[in-house]
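K.L.:
Just protein_30.pdb, nothing more (PDB, C-alpha atoms (C1' of nucleotides)):
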ATOM      1  CA  MET A  22     142.430-196.804 -77.770  1.00  0.00           C
ATOM      2  CA  GLY A  23     143.299-195.020 -74.636  1.00  0.00           C
ATOM      3  CA  PHE A  24     139.928-193.553 -73.932  1.00  0.00           C
ATOM      4  CA  VAL A  25     139.670-192.575 -70.342  1.00  0.00           C
ATOM      5  CA  THR A  26     137.064-194.396 -68.287  1.00  0.00           C
ATOM      6  CA  ARG A  27     136.021-191.522 -66.106  1.00  0.00           C
ATOM      7  CA  ARG A  28     132.662-192.366 -64.636  1.00  0.00           C
ATOM      8  CA  ARG A  29     133.182-189.731 -61.965  1.00  0.00           C
ATOM      9  CA  PRO A  30     135.637-186.992 -62.821  1.00  0.00           C
ATOM     10  CA  ASP A  31     137.964-186.644 -59.845  1.00  0.00           C
ATOM     11  CA  THR A  32     138.209-182.897 -60.185  1.00  0.00           C
ATOM     12  CA  LYS A  33     139.207-182.452 -56.558  1.00  0.00           C
ATOM     13  CA  GLY A  34     141.906-185.081 -56.428  1.00  0.00           C
ATOM     14  CA  HIS A  35     140.240-187.381 -53.917  1.00  0.00           C
ATOM     15  CA  GLU A  36     141.200-190.626 -55.670  1.00  0.00           C
ATOM     16  CA  PRO A  37     144.596-191.035 -53.977  1.00  0.00           C
ATOM     17  CA  PHE A  38     142.803-191.136 -50.620  1.00  0.00           C
ATOM     18  CA  TYR A  39     140.142-193.563 -51.868  1.00  0.00           C
ATOM     19  CA  ALA A  40     142.852-195.843 -53.265  1.00  0.00           C
ATOM     20  CA  ILE A  41     144.341-196.232 -49.795  1.00  0.00           C
ATOM     21  CA  VAL A  42     141.014-196.674 -48.011  1.00  0.00           C
ATOM     22  CA  ARG A  43     140.079-199.447 -50.441  1.00  0.00           C
ATOM     23  CA  ARG A  44     143.095-201.403 -49.174  1.00  0.00           C
ATOM     24  CA  ILE A  45     141.996-201.449 -45.524  1.00  0.00           C
ATOM     25  CA  PRO A  46     141.013-205.070 -44.741  1.00  0.00           C
ATOM     26  CA  ARG A  47     137.797-206.107 -43.032  1.00  0.00           C
ATOM     27  CA  GLY A  48     137.948-205.946 -39.274  1.00  0.00           C
ATOM     28  CA  ARG A  49     140.674-203.312 -39.312  1.00  0.00           C
ATOM     29  CA  VAL A  50     140.712-199.523 -39.088  1.00  0.00           C
ATOM     30  CA  ALA A  51     143.014-196.692 -40.138  1.00  0.00           C
ATOM     31  CA  THR A  52     143.210-193.100 -38.947  1.00  0.00           C
ATOM     32  CA  TYR A  53     142.710-190.058 -41.169  1.00  0.00           C
ATOM     33  CA  GLY A  54     146.331-189.074 -40.699  1.00  0.00           C
ATOM     34  CA  GLN A  55     147.447-192.575 -41.589  1.00  0.00           C
ATOM     35  CA  VAL A  56     145.411-192.564 -44.796  1.00  0.00           C
ATOM     36  CA  ALA A  57     146.802-189.155 -45.750  1.00  0.00           C
ATOM     37  CA  ALA A  58     150.383-190.229 -45.150  1.00  0.00           C
ATOM     38  CA  LEU A  59     149.957-193.457 -47.150  1.00  0.00           C
ATOM     39  CA  ALA A  60     148.380-191.424 -49.957  1.00  0.00           C
ATOM     40  CA  GLY A  61     151.562-189.402 -50.096  1.00  0.00           C
ATOM     41  CA  ARG A  62     150.068-186.370 -48.358  1.00  0.00           C
ATOM     42  CA  PRO A  63     151.444-186.367 -44.801  1.00  0.00           C
ATOM     43  CA  GLY A  64     149.762-183.748 -42.638  1.00  0.00           C
ATOM     44  CA  ALA A  65     146.667-183.626 -44.829  1.00  0.00           C
ATOM     45  CA  ALA A  66     144.435-185.582 -42.453  1.00  0.00           C
ATOM     46  CA  ARG A  67     141.671-183.013 -42.818  1.00  0.00           C
ATOM     47  CA  GLN A  68     141.727-183.528 -46.566  1.00  0.00           C
ATOM     48  CA  ALA A  69     141.292-187.258 -46.080  1.00  0.00           C
ATOM     49  CA  GLY A  70     138.120-186.526 -44.136  1.00  0.00           C
ATOM     50  CA  TYR A  71     137.051-183.992 -46.713  1.00  0.00           C
ATOM     51  CA  ALA A  72     137.458-186.609 -49.452  1.00  0.00           C
ATOM     52  CA  LEU A  73     135.320-189.151 -47.588  1.00  0.00           C
ATOM     53  CA  ALA A  74     132.638-186.538 -46.961  1.00  0.00           C
ATOM     54  CA  ALA A  75     132.478-185.998 -50.723  1.00  0.00           C
ATOM     55  CA  LEU A  76     131.974-189.701 -51.402  1.00  0.00           C
ATOM     56  CA  PRO A  77     128.840-190.471 -53.454  1.00  0.00           C
ATOM     57  CA  ALA A  78     126.215-192.754 -51.936  1.00  0.00           C
ATOM     58  CA  ASP A  79     127.032-195.581 -54.339  1.00  0.00           C
ATOM     59  CA  ASN A  80     130.673-196.259 -53.742  1.00  0.00           C
ATOM     60  CA  GLU A  81     132.882-199.262 -53.194  1.00  0.00           C
ATOM     61  CA  VAL A  82     135.085-197.505 -50.684  1.00  0.00           C
ATOM     62  CA  PRO A  83     135.045-198.892 -47.127  1.00  0.00           C
ATOM     63  CA  TRP A  84     134.791-195.386 -45.647  1.00  0.00           C
ATOM     64  CA  HIS A  85     133.601-196.765 -42.290  1.00  0.00           C
ATOM     65  CA  ARG A  86     137.070-198.180 -41.578  1.00  0.00           C
ATOM     66  CA  VAL A  87     138.553-194.712 -41.167  1.00  0.00           C
ATOM     67  CA  ILE A  88     138.419-193.191 -37.669  1.00  0.00           C
ATOM     68  CA  ASN A  89     140.278-190.441 -35.836  1.00  0.00           C
ATOM     69  CA  ALA A  90     143.621-190.692 -34.031  1.00  0.00           C
ATOM     70  CA  ARG A  91     141.914-190.993 -30.651  1.00  0.00           C
ATOM     71  CA  GLY A  92     140.303-194.248 -31.703  1.00  0.00           C
ATOM     72  CA  GLU A  93     136.805-192.776 -31.915  1.00  0.00           C
ATOM     73  CA  VAL A  94     134.346-192.489 -34.769  1.00  0.00           C
ATOM     74  CA  SER A  95     134.255-188.785 -35.622  1.00  0.00           C
ATOM     75  CA  GLU A  96     130.855-187.188 -35.149  1.00  0.00           C
ATOM     76  CA  ARG A  97     129.352-185.362 -38.084  1.00  0.00           C
ATOM     77  CA  ALA A  98     126.679-182.691 -38.023  1.00  0.00           C
ATOM     78  CA  PRO A  99     124.434-182.837 -34.935  1.00  0.00           C
ATOM     79  CA  GLY A 100     121.719-185.394 -35.556  1.00  0.00           C
ATOM     80  CA  SER A 101     123.562-187.103 -38.407  1.00  0.00           C
ATOM     81  CA  PRO A 102     123.115-190.893 -38.305  1.00  0.00           C
ATOM     82  CA  PHE A 103     126.384-191.701 -40.071  1.00  0.00           C
ATOM     83  CA  ALA A 104     128.503-192.055 -36.938  1.00  0.00           C
ATOM     84  CA  ARG A 105     126.109-194.633 -35.488  1.00  0.00           C
ATOM     85  CA  ILE A 106     125.947-196.486 -38.807  1.00  0.00           C
ATOM     86  CA  GLN A 107     129.737-196.473 -38.965  1.00  0.00           C
ATOM     87  CA  ARG A 108     130.032-198.034 -35.506  1.00  0.00           C
ATOM     88  CA  ASP A 109     127.495-200.718 -36.462  1.00  0.00           C
ATOM     89  CA  LEU A 110     129.356-201.588 -39.656  1.00  0.00           C
ATOM     90  CA  LEU A 111     132.607-201.922 -37.714  1.00  0.00           C
ATOM     91  CA  ARG A 112     131.053-204.075 -34.988  1.00  0.00           C
ATOM     92  CA  VAL A 113     129.717-206.424 -37.663  1.00  0.00           C
ATOM     93  CA  GLU A 114     133.293-206.826 -38.892  1.00  0.00           C
ATOM     94  CA  GLY A 115     134.441-207.706 -35.395  1.00  0.00           C
ATOM     95  CA  VAL A 116     135.943-204.372 -34.364  1.00  0.00           C
ATOM     96  CA  ALA A 117     135.421-203.926 -30.604  1.00  0.00           C
ATOM     97  CA  PHE A 118     134.461-200.688 -28.876  1.00  0.00           C
ATOM     98  CA  ASP A 119     135.189-200.113 -25.199  1.00  0.00           C
ATOM     99  CA  ASP A 120     132.641-198.686 -22.756  1.00  0.00           C
ATOM    100  CA  ARG A 121     133.574-195.169 -23.857  1.00  0.00           C
ATOM    101  CA  GLY A 122     132.977-195.978 -27.523  1.00  0.00           C
ATOM    102  CA  ARG A 123     136.594-196.162 -28.492  1.00  0.00           C
ATOM    103  CA  VAL A 124     138.609-198.654 -30.532  1.00  0.00           C
ATOM    104  CA  ASP A 125     141.940-200.000 -29.276  1.00  0.00           C
ATOM    105  CA  LEU A 126     144.193-198.821 -32.090  1.00  0.00           C
ATOM    106  CA  ALA A 127     147.074-200.937 -30.818  1.00  0.00           C
ATOM    107  CA  ARG A 128     144.897-203.911 -31.601  1.00  0.00           C
ATOM    108  CA  PHE A 129     142.770-202.965 -34.629  1.00  0.00           C
ATOM    109  CA  ARG A 130     144.886-200.477 -36.553  1.00  0.00           C
ATOM    110  CA  TRP A 131     145.675-201.635 -40.076  1.00  0.00           C
ATOM    111  CA  ASP A 132     149.412-202.123 -40.434  1.00  0.00           C
ATOM    112  CA  PRO A 133     150.210-202.299 -44.188  1.00  0.00           C
TER
ATOM    113  C1'  DC B  12     143.159-161.282 -52.500  1.00  0.00           C
ATOM    114  C1'  DT B  13     140.978-162.453 -47.288  1.00  0.00           C
ATOM    115  C1'  DA B  14     137.982-165.004 -44.200  1.00  0.00           C
ATOM    116  C1'  DG B  15     135.438-168.920 -42.767  1.00  0.00           C
ATOM    117  C1'  DT B  16     135.085-173.932 -42.423  1.00  0.00           C
ATOM    118  C1'  DG B  17     135.834-178.970 -41.433  1.00  0.00           C
ATOM    119  C1'  DA B  18     134.592-187.154 -41.238  1.00  0.00           C
ATOM    120  C1'  DC B  19     142.049-183.850 -38.212  1.00  0.00           C
ATOM    121  C1'  DT B  20     146.195-184.000 -34.922  1.00  0.00           C
ATOM    122  C1'  DG B  21     149.781-183.130 -31.417  1.00  0.00           C
ATOM    123  C1'  DT B  22     150.611-180.352 -27.297  1.00  0.00           C
ATOM    124  C1'  DT B  23     149.308-178.049 -23.324  1.00  0.00           C
ATOM    125  C1'  DT B  24     146.098-177.026 -19.631  1.00  0.00           C
TER
ATOM    126  C1'  DA C  25     141.422-188.243 -18.829  1.00  0.00           C
ATOM    127  C1'  DA C  26     138.950-184.555 -20.914  1.00  0.00           C
ATOM    128  C1'  DA C  27     139.006-179.999 -22.867  1.00  0.00           C
ATOM    129  C1'  DA C  28     141.229-176.105 -24.867  1.00  0.00           C
ATOM    130  C1'  DC C  29     144.724-174.383 -28.157  1.00  0.00           C
ATOM    131  C1'  DA C  30     147.189-173.959 -31.980  1.00  0.00           C
ATOM    132  C1'  DG C  31     148.767-175.735 -36.296  1.00  0.00           C
ATOM    133  C1'  DC C  32     147.286-177.773 -40.414  1.00  0.00           C
ATOM    134  C1'  DC C  33     145.577-177.792 -45.696  1.00  0.00           C
ATOM    135  C1'  DA C  34     142.307-177.477 -49.423  1.00  0.00           C
ATOM    136  C1'  DC C  35     137.786-175.792 -50.715  1.00  0.00           C
ATOM    137  C1'  DT C  36     134.165-171.746 -50.884  1.00  0.00           C
ATOM    138  C1'  DA C  37     132.138-167.396 -50.762  1.00  0.00           C
TER
END
Mind turning the file's structure into structure tokens?

P.N.:
Amino acid sequence: MGFVTRRRPDTKGHEPFYAIVRRIPRGRVATYGQVAALAGRPGAARQAGYALAALPADNEVPWHRVINARGEVSERAPGSPFARIQRDLLRVEGVAFDDRGRVDLARFRWDP
DNA sequence: CTAGTGACTGTTT
DNA sequence: AAAACAGCCACTA
């Protein structure tokens, strides 16, 4: 047969990033740069973020487990609720934030 | 083709 | 430690 099961045509090549993000375990986080490197695109951290921003609402990708290299949840457009939602989802999984809203990467970074 | 942009990052103030 | 800078790379107009 060999018919291609393309529900969502990946015209922009985001799948390699999603494939990595799907492997991040509960209660762990990865940085954008880390995801890019594991996807075989070292230095393309911005593209990793771009790919997540393009994620459809109904997805099975744990996008909330990706944060920036400083251990903080990256803010989106002013007034966007996604950063707050992301922090909530992580707290539910047991990821701790310090008083400045940052995650201790030495402790919670996913080490594949 | 150039210019602007962004869920980024490492270095320098 | 926080902010500013300067690279970074793909997408858009």

K.L.:
What would the selection look like, as a PyMOL selection string, if the PyMOL selection byres ((chain A) within 12 of (chain C)) were run on the coordinates I just shared?

P.N.:
chain A and resi 32-35+54+57+62-72+75+121

K.L.:
Between A:Glu81, A:Glu93, A:Asp132, A:Asp109, single out the one closest to chain B, counting only C-alpha atoms (C1' of nucleotides).

P.N.:
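The shortest atom-to-atom distance to chain B comes from A:Glu93.
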
K.L.:
For the file shown, report as a list of chain:residue names the outcome of the PyMOL selection byres ((chain B) within 10 of (chain A)) at residue level.

P.N.:
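Written out, the selection comes to B:DG17, B:DA18, B:DC19, B:DT20.
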
K.L.:
Please, what distance in Å, to one decimal, runs between CA of Pro99 in chain A and C1' of DT16 in chain B?

P.N.:
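Calculated distance between CA of Pro99 in chain A and C1' of DT16 in chain B is 15.8 Å.
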
K.L.:
Hey, can you check how far CA of Arg108 in chain A sits from CA of Phe38 in chain A?

P.N.:
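Going from CA of Arg108 in chain A over to CA of Phe38 in chain A, I get 21.0 Å.
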
K.L.:
What separation in Å, quoted to one decimal, exists between CA of Arg112 in chain A and CA of Val82 in chain A?

P.N.:
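Taking CA of Arg112 in chain A and CA of Val82 in chain A, their separation equals 17.5 Å.
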
K.L.:
Which centre and which edge lengths, in Å to one decimal, describe the axis-aligned box that holds all listed atoms of range 15-19 of chain B after 4 Å is added on each side, as AutoDock Vina command-line options?

P.N.:
--center_x 138.3 --center_y -178.0 --center_z -40.5 --size_x 15.5 --size_y 26.2 --size_z 12.6

K.L.:
Hey, what's within 7 Å of Ile41 in chain A if we count all atoms listed in the file and toss same-chain stuff fewer than 3 positions away? As a list in words, please?

P.N.:
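Neighbouring residues, sequence-local ones excluded: Pro37, Phe38, Arg44, Val56, Leu59 and Ala60 of chain A.
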